[in-house]
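A.B. asks: Pasting target-v9.tsv here (TSV, C-alpha atoms):
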```
chain	number	residue	atom	x	y	z
Q	494	MET	CA	183.50	-31.32	50.10
Q	495	VAL	CA	186.67	-29.71	51.35
Q	496	VAL	CA	186.37	-28.12	54.78
Q	497	LEU	CA	189.00	-25.93	56.37
Q	498	SER	CA	190.60	-27.13	59.56
Q	499	GLN	CA	189.74	-23.64	60.75
Q	500	PRO	CA	187.81	-21.25	58.47
Q	501	PRO	CA	188.49	-17.54	58.25
Q	502	ALA	CA	187.78	-15.75	61.50
Q	503	LEU	CA	184.07	-15.75	62.33
Q	504	GLU	CA	184.23	-12.37	64.03
Q	505	HIS	CA	184.36	-10.73	60.60
Q	506	CYS	CA	181.11	-12.31	59.42
Q	507	SER	CA	178.89	-9.45	60.53
Q	508	LEU	CA	180.96	-7.17	58.28
Q	509	ILE	CA	180.69	-9.35	55.18
Q	510	LYS	CA	177.98	-8.34	52.74
Q	511	THR	CA	175.45	-10.72	51.22
Q	512	CYS	CA	173.45	-10.67	48.02
Q	513	LYS	CA	170.73	-12.66	46.31
Q	514	PRO	CA	171.70	-15.35	43.78
Q	515	THR	CA	171.64	-14.24	40.13
Q	516	CYS	CA	170.88	-15.98	36.85
Q	517	VAL	CA	173.52	-17.98	35.01
Q	518	PHE	CA	174.69	-16.16	31.90
Q	519	THR	CA	175.18	-18.33	28.82
Q	520	GLY	CA	176.36	-15.51	26.57
Q	521	ILE	CA	179.99	-15.38	27.70
Q	522	PRO	CA	182.14	-15.33	24.52
Q	523	VAL	CA	184.08	-18.59	24.13
Q	524	ILE	CA	187.24	-18.21	22.04
Q	525	ASP	CA	189.52	-20.92	20.71
Q	526	LEU	CA	193.04	-19.53	20.84
Q	527	ARG	CA	193.94	-21.52	17.69
Q	528	ASP	CA	190.98	-20.19	15.70
Q	529	PRO	CA	192.25	-18.11	12.73
Q	530	GLU	CA	189.60	-15.53	13.68
Q	531	ALA	CA	190.73	-15.37	17.32
Q	532	LYS	CA	192.22	-11.89	16.93
Q	533	THR	CA	188.91	-10.46	15.77
Q	534	LEU	CA	186.84	-12.38	18.31
Q	535	ILE	CA	189.07	-11.34	21.22
Q	536	VAL	CA	188.76	-7.66	20.36
Q	537	LYS	CA	184.99	-7.94	19.97
Q	538	ALA	CA	184.64	-9.72	23.32
Q	539	CYS	CA	186.79	-7.12	25.06
Q	540	GLU	CA	184.77	-4.29	23.53
Q	541	GLU	CA	181.40	-5.79	24.50
Q	542	TYR	CA	182.16	-7.47	27.82
Q	543	GLY	CA	185.78	-6.87	28.80
Q	544	PHE	CA	185.76	-10.60	29.45
Q	545	PHE	CA	185.85	-13.93	27.64
Q	546	LYS	CA	186.48	-17.64	28.11
Q	547	LEU	CA	189.56	-19.09	26.44
Q	548	ILE	CA	189.78	-22.70	25.29
Q	549	ASN	CA	192.49	-24.68	23.49
Q	550	HIS	CA	194.99	-22.52	25.37
Q	551	GLY	CA	197.90	-24.93	25.54
Q	552	VAL	CA	198.47	-24.88	29.32
Q	553	PRO	CA	198.77	-28.49	30.53
Q	554	MET	CA	195.83	-29.59	32.68
Q	555	GLU	CA	198.36	-31.27	34.95
Q	556	PHE	CA	199.75	-27.86	35.96
Q	557	MET	CA	196.27	-26.70	36.98
Q	558	THR	CA	195.24	-29.77	38.95
Q	559	ARG	CA	198.61	-30.09	40.70
Q	560	LEU	CA	198.57	-26.49	41.85
Q	561	GLU	CA	194.95	-26.80	42.99
Q	562	ALA	CA	195.81	-29.87	45.07
Q	563	GLU	CA	198.84	-28.18	46.64
Q	564	ALA	CA	196.82	-25.04	47.35
Q	565	LEU	CA	194.10	-27.02	49.12
Q	566	SER	CA	196.72	-28.83	51.17
Q	567	PHE	CA	198.07	-25.46	52.27
Q	568	PHE	CA	194.69	-23.88	53.00
Q	569	ASN	CA	193.67	-26.96	55.03
Q	570	LEU	CA	196.61	-26.53	57.39
Q	571	PRO	CA	195.89	-25.38	60.96
Q	572	GLN	CA	195.42	-21.62	61.11
Q	573	SER	CA	198.56	-21.21	63.20
Q	574	ASP	CA	200.63	-22.79	60.42
Q	575	LYS	CA	199.06	-20.63	57.72
Q	576	ASP	CA	199.62	-17.50	59.77
Q	577	LYS	CA	203.36	-18.16	59.59
Q	578	ALA	CA	203.10	-17.38	55.87
Q	579	THR	CA	201.59	-13.93	56.49
Q	580	PRO	CA	204.91	-12.13	55.82
Q	581	PHE	CA	205.08	-13.98	52.50
Q	582	GLY	CA	201.64	-13.14	51.13
Q	583	TYR	CA	199.04	-15.07	53.16
Q	584	GLY	CA	195.94	-13.26	54.34
Q	585	SER	CA	192.31	-13.86	55.25
Q	586	ASN	CA	189.10	-11.84	55.47
Q	587	LYS	CA	190.70	-8.44	54.93
Q	588	ILE	CA	190.95	-7.25	51.32
Q	589	GLY	CA	193.33	-4.31	51.18
Q	590	PRO	CA	193.95	-1.70	53.89
Q	591	ASN	CA	190.71	0.28	53.63
Q	592	GLY	CA	188.12	-1.78	55.49
Q	593	ASP	CA	186.97	-4.19	52.77
Q	594	VAL	CA	186.36	-7.74	53.98
Q	595	GLY	CA	185.25	-11.01	52.40
Q	596	TRP	CA	184.75	-14.71	53.13
Q	597	ILE	CA	188.16	-15.57	51.72
Q	598	GLU	CA	191.72	-16.55	52.43
Q	599	TYR	CA	194.49	-16.11	49.91
Q	600	LEU	CA	198.16	-16.24	49.00
Q	601	LEU	CA	199.52	-13.30	46.98
Q	602	VAL	CA	202.99	-13.32	45.44
Q	603	ASN	CA	204.96	-11.19	43.00
Q	604	THR	CA	205.83	-12.99	39.77
Q	605	ASN	CA	208.79	-10.84	38.86
Q	606	PRO	CA	211.34	-11.96	39.92
Q	607	GLN	CA	210.05	-15.48	39.51
Q	608	LEU	CA	208.86	-17.13	42.69
Q	609	THR	CA	211.25	-19.95	43.56
Q	610	SER	CA	210.71	-20.64	47.24
Q	611	LEU	CA	208.72	-19.38	50.18
Q	612	LYS	CA	209.20	-20.22	53.79
Q	613	THR	CA	206.37	-22.35	55.25
Q	614	LEU	CA	205.45	-23.66	51.77
Q	615	SER	CA	206.37	-27.16	50.78
Q	616	GLU	CA	208.89	-27.75	48.01
Q	617	ASN	CA	206.17	-29.39	45.91
Q	618	PHE	CA	203.93	-26.36	46.36
Q	619	CYS	CA	206.70	-24.04	45.18
Q	620	TYR	CA	207.39	-26.20	42.12
Q	621	ALA	CA	203.66	-26.27	41.30
Q	622	VAL	CA	203.39	-22.47	41.59
Q	623	ASN	CA	206.47	-21.91	39.44
Q	624	ASP	CA	205.38	-24.29	36.68
Q	625	TYR	CA	201.92	-22.77	36.57
Q	626	ILE	CA	203.10	-19.14	36.58
Q	627	LEU	CA	205.60	-19.74	33.77
Q	628	ALA	CA	202.94	-21.39	31.61
Q	629	VAL	CA	200.31	-18.72	32.25
Q	630	LYS	CA	202.76	-15.88	31.65
Q	631	ARG	CA	203.52	-17.33	28.22
Q	632	LEU	CA	199.78	-17.53	27.61
Q	633	ALA	CA	199.34	-13.89	28.65
Q	634	PHE	CA	202.05	-12.79	26.20
Q	635	GLU	CA	200.34	-14.68	23.38
Q	636	VAL	CA	196.86	-13.38	24.19
Q	637	VAL	CA	197.88	-9.70	24.21
Q	638	GLU	CA	199.88	-10.13	21.01
Q	639	ILE	CA	196.89	-11.69	19.26
Q	640	MET	CA	194.79	-8.87	20.70
Q	641	ALA	CA	197.28	-6.37	19.25
Q	642	ASP	CA	196.89	-8.04	15.84
Q	643	GLY	CA	193.12	-7.61	16.11
Q	644	LEU	CA	193.53	-3.96	17.04
Q	645	GLU	CA	196.04	-3.53	14.19
Q	646	ILE	CA	198.69	-2.26	16.58
Q	647	GLU	CA	202.25	-2.20	15.28
Q	648	PRO	CA	204.56	-3.50	16.50
Q	649	ARG	CA	202.49	-6.34	17.91
Q	650	ASN	CA	204.57	-6.47	21.11
Q	651	VAL	CA	203.44	-3.03	22.33
Q	652	LEU	CA	201.46	-4.70	25.14
Q	653	SER	CA	203.42	-7.90	25.64
Q	654	ARG	CA	206.72	-6.08	26.12
Q	655	LEU	CA	205.26	-4.51	29.27
Q	656	LEU	CA	204.51	-7.94	30.69
Q	657	ARG	CA	207.82	-9.41	29.55
Q	658	ASP	CA	209.85	-6.56	31.06
Q	659	GLU	CA	212.06	-7.75	33.92
Q	660	LYS	CA	210.59	-4.91	36.00
Q	661	SER	CA	207.00	-5.85	35.17
Q	662	ASP	CA	204.79	-5.39	38.22
Q	663	SER	CA	202.81	-8.58	37.71
Q	664	CYS	CA	201.48	-10.75	40.52
Q	665	PHE	CA	199.78	-14.07	41.17
Q	666	ARG	CA	196.99	-14.79	43.62
Q	667	LEU	CA	195.54	-18.04	44.96
Q	668	ASN	CA	192.09	-17.55	46.47
Q	669	HIS	CA	190.21	-19.99	48.69
Q	670	TYR	CA	186.53	-19.40	49.45
Q	671	PRO	CA	185.45	-21.88	52.15
Q	672	PRO	CA	181.84	-23.06	52.28
Q	673	CYS	CA	179.73	-21.51	55.01
Q	674	PRO	CA	176.36	-23.32	55.16
Q	675	GLN	CA	175.43	-22.16	58.68
Q	676	LEU	CA	175.65	-18.44	57.96
Q	677	GLN	CA	174.01	-18.59	54.56
Q	678	ALA	CA	171.12	-20.65	55.92
Q	679	LEU	CA	170.28	-17.79	58.27
Q	680	SER	CA	169.76	-15.25	55.52
Q	681	GLY	CA	168.93	-17.30	52.44
Q	682	ARG	CA	171.51	-15.24	50.60
Q	683	ASN	CA	175.08	-15.75	49.45
Q	684	LEU	CA	178.04	-14.36	51.34
Q	685	ILE	CA	180.25	-12.17	49.18
Q	686	GLY	CA	183.67	-13.77	49.11
Q	687	PHE	CA	185.31	-10.94	47.16
Q	688	GLY	CA	183.43	-7.70	46.59
Q	689	GLU	CA	182.79	-5.99	43.27
Q	690	HIS	CA	185.77	-4.33	41.62
Q	691	THR	CA	187.74	-3.97	38.43
Q	692	ASP	CA	191.32	-5.17	38.12
Q	693	PRO	CA	193.78	-2.28	37.80
Q	694	GLN	CA	196.40	-4.09	35.67
Q	695	ILE	CA	196.51	-4.68	31.90
Q	696	ILE	CA	195.07	-8.19	31.80
Q	697	SER	CA	193.97	-10.89	34.25
Q	698	ILE	CA	193.95	-14.62	33.56
Q	699	LEU	CA	191.78	-16.69	35.90
Q	700	ARG	CA	191.30	-20.39	36.36
Q	701	SER	CA	189.10	-21.95	39.05
Q	702	ASN	CA	187.80	-25.31	40.13
Q	703	ASN	CA	184.28	-26.33	39.15
Q	704	THR	CA	182.58	-24.43	41.98
Q	705	SER	CA	180.49	-21.50	40.82
Q	706	GLY	CA	180.70	-18.03	42.32
Q	707	LEU	CA	182.22	-15.66	39.77
Q	708	GLN	CA	179.87	-12.93	38.56
Q	709	ILE	CA	180.35	-10.09	36.10
Q	710	CYS	CA	178.43	-6.87	35.64
Q	711	LEU	CA	177.05	-6.29	32.15
Q	712	ARG	CA	176.80	-2.92	30.43
Q	713	ASP	CA	173.18	-2.54	31.66
Q	714	ARG	CA	174.49	-3.01	35.23
Q	715	THR	CA	172.92	-6.46	35.53
Q	716	TRP	CA	174.93	-8.95	37.56
Q	717	VAL	CA	175.15	-12.43	36.01
Q	718	SER	CA	176.83	-15.67	37.11
Q	719	VAL	CA	179.63	-17.14	35.00
Q	720	PRO	CA	179.40	-20.93	34.62
Q	721	PRO	CA	182.63	-22.47	35.97
Q	722	ASP	CA	184.94	-24.51	33.75
Q	723	GLN	CA	188.07	-25.94	35.35
Q	724	THR	CA	189.63	-26.76	31.97
Q	725	SER	CA	189.50	-23.22	30.59
Q	726	PHE	CA	190.71	-19.73	31.43
Q	727	PHE	CA	188.70	-16.55	31.85
Q	728	ILE	CA	190.38	-13.39	30.58
Q	729	SER	CA	189.55	-9.94	31.96
Q	730	VAL	CA	190.45	-6.50	30.64
Q	731	GLY	CA	192.09	-4.34	33.32
Q	732	ASP	CA	191.89	-0.61	33.92
Q	733	ALA	CA	195.32	0.04	32.40
Q	734	LEU	CA	194.24	-1.56	29.12
Q	735	GLN	CA	191.05	0.48	29.12
Q	736	VAL	CA	193.15	3.64	29.27
Q	737	MET	CA	195.65	2.44	26.65
Q	738	SER	CA	192.78	1.66	24.27
Q	739	ASN	CA	191.17	5.05	25.11
Q	740	GLY	CA	188.05	3.34	26.38
Q	741	ARG	CA	187.58	1.04	23.39
Q	742	LEU	CA	188.23	-2.02	25.57
Q	743	ARG	CA	186.44	-1.85	28.91
Q	744	SER	CA	187.61	-3.29	32.21
Q	745	VAL	CA	184.97	-5.61	33.62
Q	746	ARG	CA	183.45	-5.15	37.08
Q	747	HIS	CA	183.22	-8.51	38.82
Q	748	ARG	CA	182.80	-10.19	42.22
Q	749	VAL	CA	182.77	-13.65	43.80
Q	750	LEU	CA	180.02	-15.22	45.90
Q	751	THR	CA	180.61	-18.19	48.16
Q	752	ASP	CA	178.95	-21.57	47.83
Q	753	SER	CA	177.08	-22.93	50.83
Q	754	MET	CA	178.45	-26.46	50.48
Q	755	LYS	CA	181.58	-26.45	48.30
Q	756	SER	CA	184.82	-24.54	48.50
Q	757	ARG	CA	186.01	-22.50	45.55
Q	758	VAL	CA	189.68	-22.28	44.60
Q	759	SER	CA	190.80	-19.78	42.00
Q	760	MET	CA	194.21	-18.82	40.66
Q	761	ILE	CA	194.75	-15.49	38.92
Q	762	TYR	CA	197.70	-14.02	37.07
Q	763	PHE	CA	197.57	-10.22	36.94
Q	764	GLY	CA	199.74	-8.85	34.14
Q	765	GLY	CA	200.98	-5.38	35.02
Q	766	PRO	CA	203.50	-2.94	33.52
Q	767	PRO	CA	206.70	-1.67	35.17
Q	768	MET	CA	206.13	0.87	37.95
Q	769	SER	CA	207.62	3.73	35.94
Q	770	GLU	CA	205.62	3.00	32.77
Q	771	LYS	CA	203.44	5.88	31.57
Q	772	ILE	CA	199.87	4.73	31.00
Q	773	VAL	CA	198.37	6.70	28.15
Q	774	ALA	CA	196.13	6.11	25.14
Q	775	LEU	CA	198.07	4.52	22.29
Q	776	PRO	CA	198.19	6.98	19.35
Q	777	CYS	CA	197.68	4.16	16.84
Q	778	LEU	CA	194.25	3.43	18.37
Q	779	MET	CA	193.02	7.00	18.16
Q	780	ALA	CA	191.33	8.54	15.16
Q	781	LYS	CA	192.64	11.79	13.70
Q	782	GLY	CA	191.65	14.61	16.02
Q	783	GLU	CA	190.48	12.24	18.76
Q	784	GLU	CA	191.50	13.28	22.26
Q	785	SER	CA	192.52	11.05	25.11
Q	786	LEU	CA	189.79	10.39	27.65
Q	787	TYR	CA	192.30	10.14	30.47
Q	788	LYS	CA	195.19	12.20	31.68
Q	789	GLU	CA	198.64	10.59	31.57
Q	790	PHE	CA	199.88	8.81	34.68
Q	791	THR	CA	202.47	6.22	35.65
Q	792	TRP	CA	201.53	2.73	36.76
Q	793	TRP	CA	202.97	3.55	40.19
Q	794	GLU	CA	200.63	6.52	40.49
Q	795	TYR	CA	197.58	4.49	39.51
Q	796	LYS	CA	198.49	1.51	41.66
Q	797	THR	CA	198.97	3.80	44.64
Q	798	CYS	CA	195.56	5.33	44.01
Q	799	ALA	CA	193.95	1.92	43.59
Q	800	TYR	CA	195.27	0.48	46.80
Q	801	ASN	CA	194.42	3.62	48.78
Q	802	SER	CA	190.77	3.45	47.74
Q	803	ARG	CA	187.89	1.16	48.61
Q	804	LEU	CA	187.61	-2.01	46.58
Q	805	GLY	CA	184.50	-1.01	44.64
Q	806	ALA	CA	185.52	2.58	43.91
Q	807	ASN	CA	185.58	3.94	40.35
Q	808	ARG	CA	189.31	4.55	40.44
Q	809	LEU	CA	189.61	5.53	36.80
Q	810	GLY	CA	187.10	8.30	37.39
Q	811	LEU	CA	189.81	10.27	39.17
Q	812	PHE	CA	191.89	10.27	36.01
Q	813	GLU	CA	189.20	11.16	33.50
Q	814	LYS	CA	189.85	14.49	31.81
Q	815	THR	CA	186.19	15.49	32.00
Q	816	ALA	CA	186.14	14.80	35.74
Q	817	ASN	CA	189.27	16.88	36.23
Q	818	ALA	CA	187.86	19.74	34.19
Q	819	SER	CA	184.82	19.96	36.45
Q	820	LEU	CA	186.82	20.15	39.67
```
Taking this structure as input, can you express it in the form of structure tokens?
C.D. replies:
Amino acid sequence: MVVLSQPPALEHCSLIKTCKPTCVFTGIPVIDLRDPEAKTLIVKACEEYGFFKLINHGVPMEFMTRLEAEALSFFNLPQSDKDKATPFGYGSNKIGPNGDVGWIEYLLVNTNPQLTSLKTLSENFCYAVNDYILAVKRLAFEVVEIMADGLEIEPRNVLSRLLRDEKSDSCFRLNHYPPCPQLQALSGRNLIGFGEHTDPQIISILRSNNTSGLQICLRDRTWVSVPPDQTSFFISVGDALQVMSNGRLRSVRHRVLTDSMKSRVSMIYFGGPPMSEKIVALPCLMAKGEESLYKEFTWWEYKTCAYNSRLGANRLGLFEKTANASL
């Protein structure tokens, strides 16, 4: 068991929500990236769940385990040392500027331009982050191009070009959810490490250690636990992709619960478009006479809206044409 030298501030605990444990869901689609049918299976999974597990992905396991080890070394530093990294993306407890809190500490960095060094981080940590980000970005490009093939989008780089753009607003986040056995024993419930939300970007690629905690919300609004797998990636549809597919692919609502005895470490690449990019339904995905479900907006406009709202808000609802018509 990994224990923090000093866990996230205890004064926030009364503000952190709890919930009852849920059942483990065994129906998560598992897709082999090298399967000739991957393009069809990816689209189906994104239509039904907005989420799937990816195996045979080609990212070296060494990159994952090295980054995890370096991340734990950083998160186990004295709090005063970690606080020195606050100007460079470190935070704890607070999730955004609107009052959301969780049992979490994290490091958030922009991936474009490529992260090369950060003050207070060791050289080995920076190398591990860089190697991992480069590998996962390549994976993201491949996944959305295979997805484009399945959607019969031409050219197939319609989505990947947004992630490859030198002005792409993509980011990378390392999350650490410390165990908290004392608090959870008092309530018999799980602390919520990261509250329910959808990701605003195009696509998210997550890898975690073998500690459970990730949950997704199914179409019937049932919350289910996702079995962890430290060798695989979990892919999530983001809000921007939901709009670009005119609702055909649905962003998945998800959250993370803490474990009472084991820490959870996750690493997520969020693939976003350039700030000035107009987010609108792709004409090639719309039937003749079909209208867009959402009004046109730039990524900057949506990102601003997302980060000025509460974590669990239905942010896309503000951009639905039917919602606007009723105002």
A.B. asks: Counting all atoms listed in the file, which residue out of Q:Glu794, Q:Asp722, Q:Glu770, Q:Asp528 sits closest to Lys660 in chain Q?
C.D. replies: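 Among Q:Glu794, Q:Asp722, Q:Glu770, Q:Asp528, it is Q:Glu770 that comes nearest to Lys660 in chain Q.
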A.B. asks: Name the residues in contact with Gln708 in chain Q at a cut-off of 7 Å, using all atoms listed in the file, excluding same-chain residues fewer than 3 positions from it; report them as JSON, numbers by chain.
C.D. replies: {"Q": [716, 717, 718, 719, 747, 748, 749]}
A.B. asks: Taking 6 positions as the minimum chain separation for residues in the same chain, which residues sit within 8 Å of Gln694 in chain Q when counting all atoms listed in the file? Answer as an MDAnalysis selection string.
C.D. replies: chainID Q and resid 731:734 763:766
A.B. asks: If we count only C-alpha atoms, what is near Ala564 in chain Q at a cut-off of 8 Å, once residues fewer than 4 positions away on the same chain are taken out, given as an NGL selection string?
C.D. replies: :Q and (560 or 568 or 618 or 667)
A.B. asks: As JSON, please report the centre and edge lengths, rounded to one decimal in Å, of the axis-aligned box that holds all listed atoms of range 692-697 of chain Q with 5 Å of padding on each of the six sides.
C.D. replies:
```
{"center_x": 193.9, "center_y": -6.6, "center_z": 35.0, "size_x": 15.2, "size_y": 18.6, "size_z": 16.3}
```
A.B. asks: Identify which of the residues Q:His690, Q:Pro721, Q:Tyr762, Q:Arg649 lies closest to Phe665 in chain Q, counting all atoms listed in the file when measuring atom-to-atom distances.
C.D. replies: Q:Tyr762
A.B. asks: Give the answer as one residue: which of Q:Arg682, Q:Arg559, Q:Arg666, Q:Arg631 has the shortest atom-to-atom distance to Leu699 in chain Q, using only C-alpha atoms?
C.D. replies: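 So, comparing all the options, the nearest one is Q:Arg666.
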A.B. asks: Between Q:Glu540, Q:Asp525, Q:Glu530, Q:Glu645, which one has atoms that come closest to Ser744 in chain Q, using only C-alpha atoms?
C.D. replies: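 Ranking Q:Glu540, Q:Asp525, Q:Glu530, Q:Glu645 by distance to Ser744 in chain Q, first place goes to Q:Glu540.
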A.B. asks: Under the rule that only C-alpha atoms are counted, which of Q:Ile646, Q:Ile639, Q:Val629, Q:Ala562 is the nearest residue to Val758 in chain Q?
C.D. replies: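 Looking at the shortest contact to Val758 in chain Q, the residue is Q:Ala562.
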A.B. asks: Which of these residues is nearest to Pro672 in chain Q, using all atoms listed in the file: Q:Glu647, Q:Ile696, Q:Ser756, Q:Pro590?
C.D. replies: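 Closest to Pro672 in chain Q, using all atoms listed in the file: Q:Ser756.
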A.B. asks: Using only C-alpha atoms, determine which residues lie at most 12 Å from Cys798 in chain Q, disregarding the query and same-chain residues fewer than 5 positions distant; provide the list as a CSV table (one decimal) with C-alpha atoms, in the frame of the given file.
C.D. replies:
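Done, and the output landed in out.csv:
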```
chain,number,residue,atom,x,y,z
Q,591,ASN,CA,190.7,0.3,53.6
Q,693,PRO,CA,193.8,-2.3,37.8
Q,790,PHE,CA,199.9,8.8,34.7
Q,791,THR,CA,202.5,6.2,35.6
Q,792,TRP,CA,201.5,2.7,36.8
Q,793,TRP,CA,203.0,3.6,40.2
Q,803,ARG,CA,187.9,1.2,48.6
Q,804,LEU,CA,187.6,-2.0,46.6
Q,806,ALA,CA,185.5,2.6,43.9
Q,807,ASN,CA,185.6,3.9,40.4
Q,808,ARG,CA,189.3,4.6,40.4
Q,809,LEU,CA,189.6,5.5,36.8
Q,810,GLY,CA,187.1,8.3,37.4
Q,811,LEU,CA,189.8,10.3,39.2
Q,812,PHE,CA,191.9,10.3,36.0
```
A.B. asks: Just give me the gap between CA of Ile772 in chain Q and CA of Gly740 in chain Q in Å, one decimal is fine.
C.D. replies: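 CA of Ile772 in chain Q sits 12.8 Å away from CA of Gly740 in chain Q.
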A.B. asks: Quote the spacing between CA of Leu652 in chain Q and CA of Met779 in chain Q in Å to one decimal place.
C.D. replies: 16.0 Å
A.B. asks: Just give me the gap between CA of His669 in chain Q and CA of Asp624 in chain Q in Å, one decimal is fine.
C.D. replies: 19.8 Å
A.B. asks: For a cut-off of 12 Å around (201.4, -23.3, 41.1), file coordinates, pick out all residues using all atoms listed in the file and list them as a ChimeraX atom specification.
C.D. replies: /Q:554-565,567,600-602,604,607-610,614-629,665-667,700,759-762
A.B. asks: For C-alpha atoms, I'd like the residues from the last selection saved as a PDB file, keeping the file's coordinate frame.
C.D. replies:
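For reference, selection32.pdb as written:
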```pdb
ATOM      1  CA  MET Q 554     195.830 -29.590  32.680  1.00  0.00           C
ATOM      2  CA  GLU Q 555     198.360 -31.270  34.950  1.00  0.00           C
ATOM      3  CA  PHE Q 556     199.750 -27.860  35.960  1.00  0.00           C
ATOM      4  CA  MET Q 557     196.270 -26.700  36.980  1.00  0.00           C
ATOM      5  CA  THR Q 558     195.240 -29.770  38.950  1.00  0.00           C
ATOM      6  CA  ARG Q 559     198.610 -30.090  40.700  1.00  0.00           C
ATOM      7  CA  LEU Q 560     198.570 -26.490  41.850  1.00  0.00           C
ATOM      8  CA  GLU Q 561     194.950 -26.800  42.990  1.00  0.00           C
ATOM      9  CA  ALA Q 562     195.810 -29.870  45.070  1.00  0.00           C
ATOM     10  CA  GLU Q 563     198.840 -28.180  46.640  1.00  0.00           C
ATOM     11  CA  ALA Q 564     196.820 -25.040  47.350  1.00  0.00           C
ATOM     12  CA  LEU Q 565     194.100 -27.020  49.120  1.00  0.00           C
ATOM     13  CA  PHE Q 567     198.070 -25.460  52.270  1.00  0.00           C
ATOM     14  CA  LEU Q 600     198.160 -16.240  49.000  1.00  0.00           C
ATOM     15  CA  LEU Q 601     199.520 -13.300  46.980  1.00  0.00           C
ATOM     16  CA  VAL Q 602     202.990 -13.320  45.440  1.00  0.00           C
ATOM     17  CA  THR Q 604     205.830 -12.990  39.770  1.00  0.00           C
ATOM     18  CA  GLN Q 607     210.050 -15.480  39.510  1.00  0.00           C
ATOM     19  CA  LEU Q 608     208.860 -17.130  42.690  1.00  0.00           C
ATOM     20  CA  THR Q 609     211.250 -19.950  43.560  1.00  0.00           C
ATOM     21  CA  SER Q 610     210.710 -20.640  47.240  1.00  0.00           C
ATOM     22  CA  LEU Q 614     205.450 -23.660  51.770  1.00  0.00           C
ATOM     23  CA  SER Q 615     206.370 -27.160  50.780  1.00  0.00           C
ATOM     24  CA  GLU Q 616     208.890 -27.750  48.010  1.00  0.00           C
ATOM     25  CA  ASN Q 617     206.170 -29.390  45.910  1.00  0.00           C
ATOM     26  CA  PHE Q 618     203.930 -26.360  46.360  1.00  0.00           C
ATOM     27  CA  CYS Q 619     206.700 -24.040  45.180  1.00  0.00           C
ATOM     28  CA  TYR Q 620     207.390 -26.200  42.120  1.00  0.00           C
ATOM     29  CA  ALA Q 621     203.660 -26.270  41.300  1.00  0.00           C
ATOM     30  CA  VAL Q 622     203.390 -22.470  41.590  1.00  0.00           C
ATOM     31  CA  ASN Q 623     206.470 -21.910  39.440  1.00  0.00           C
ATOM     32  CA  ASP Q 624     205.380 -24.290  36.680  1.00  0.00           C
ATOM     33  CA  TYR Q 625     201.920 -22.770  36.570  1.00  0.00           C
ATOM     34  CA  ILE Q 626     203.100 -19.140  36.580  1.00  0.00           C
ATOM     35  CA  LEU Q 627     205.600 -19.740  33.770  1.00  0.00           C
ATOM     36  CA  ALA Q 628     202.940 -21.390  31.610  1.00  0.00           C
ATOM     37  CA  VAL Q 629     200.310 -18.720  32.250  1.00  0.00           C
ATOM     38  CA  PHE Q 665     199.780 -14.070  41.170  1.00  0.00           C
ATOM     39  CA  ARG Q 666     196.990 -14.790  43.620  1.00  0.00           C
ATOM     40  CA  LEU Q 667     195.540 -18.040  44.960  1.00  0.00           C
ATOM     41  CA  ARG Q 700     191.300 -20.390  36.360  1.00  0.00           C
ATOM     42  CA  SER Q 759     190.800 -19.780  42.000  1.00  0.00           C
ATOM     43  CA  MET Q 760     194.210 -18.820  40.660  1.00  0.00           C
ATOM     44  CA  ILE Q 761     194.750 -15.490  38.920  1.00  0.00           C
ATOM     45  CA  TYR Q 762     197.700 -14.020  37.070  1.00  0.00           C
TER      46      TYR Q 762
END
```
A.B. asks: Some atoms are absent from range 597-606 of chain Q, so rebuild N, CA and C atoms and return them as an mmCIF file, in the frame of the given file.
C.D. replies:
```cif
data_model
loop_
_atom_site.group_PDB
_atom_site.id
_atom_site.type_symbol
_atom_site.label_atom_id
_atom_site.label_comp_id
_atom_site.auth_asym_id
_atom_site.auth_seq_id
_atom_site.Cartn_x
_atom_site.Cartn_y
_atom_site.Cartn_z
ATOM 1 N N ILE Q 597 187.057 -15.173 52.593
ATOM 2 C CA ILE Q 597 188.160 -15.570 51.720
ATOM 3 C C ILE Q 597 189.445 -15.701 52.517
ATOM 4 N N GLU Q 598 190.320 -16.560 52.032
ATOM 5 C CA GLU Q 598 191.720 -16.550 52.430
ATOM 6 C C GLU Q 598 192.528 -16.699 51.145
ATOM 7 N N TYR Q 599 193.768 -16.213 51.166
ATOM 8 C CA TYR Q 599 194.490 -16.110 49.910
ATOM 9 C C TYR Q 599 195.995 -16.140 50.131
ATOM 10 N N LEU Q 600 196.712 -16.342 49.040
ATOM 11 C CA LEU Q 600 198.160 -16.240 49.000
ATOM 12 C C LEU Q 600 198.502 -15.371 47.798
ATOM 13 N N LEU Q 601 199.201 -14.266 48.034
ATOM 14 C CA LEU Q 601 199.520 -13.300 46.980
ATOM 15 C C LEU Q 601 201.022 -13.155 46.854
ATOM 16 N N VAL Q 602 201.545 -13.388 45.646
ATOM 17 C CA VAL Q 602 202.990 -13.320 45.440
ATOM 18 C C VAL Q 602 203.304 -12.510 44.186
ATOM 19 N N ASN Q 603 204.474 -11.897 44.177
ATOM 20 C CA ASN Q 603 204.960 -11.190 43.000
ATOM 21 C C ASN Q 603 205.555 -12.195 42.036
ATOM 22 N N THR Q 604 205.318 -12.029 40.747
ATOM 23 C CA THR Q 604 205.830 -12.990 39.770
ATOM 24 C C THR Q 604 207.119 -12.530 39.109
ATOM 25 N N ASN Q 605 207.579 -11.371 39.461
ATOM 26 C CA ASN Q 605 208.790 -10.840 38.860
ATOM 27 C C ASN Q 605 209.633 -10.174 39.933
ATOM 28 N N PRO Q 606 210.699 -10.767 40.448
ATOM 29 C CA PRO Q 606 211.340 -11.960 39.920
ATOM 30 C C PRO Q 606 210.512 -13.209 40.189
#
```
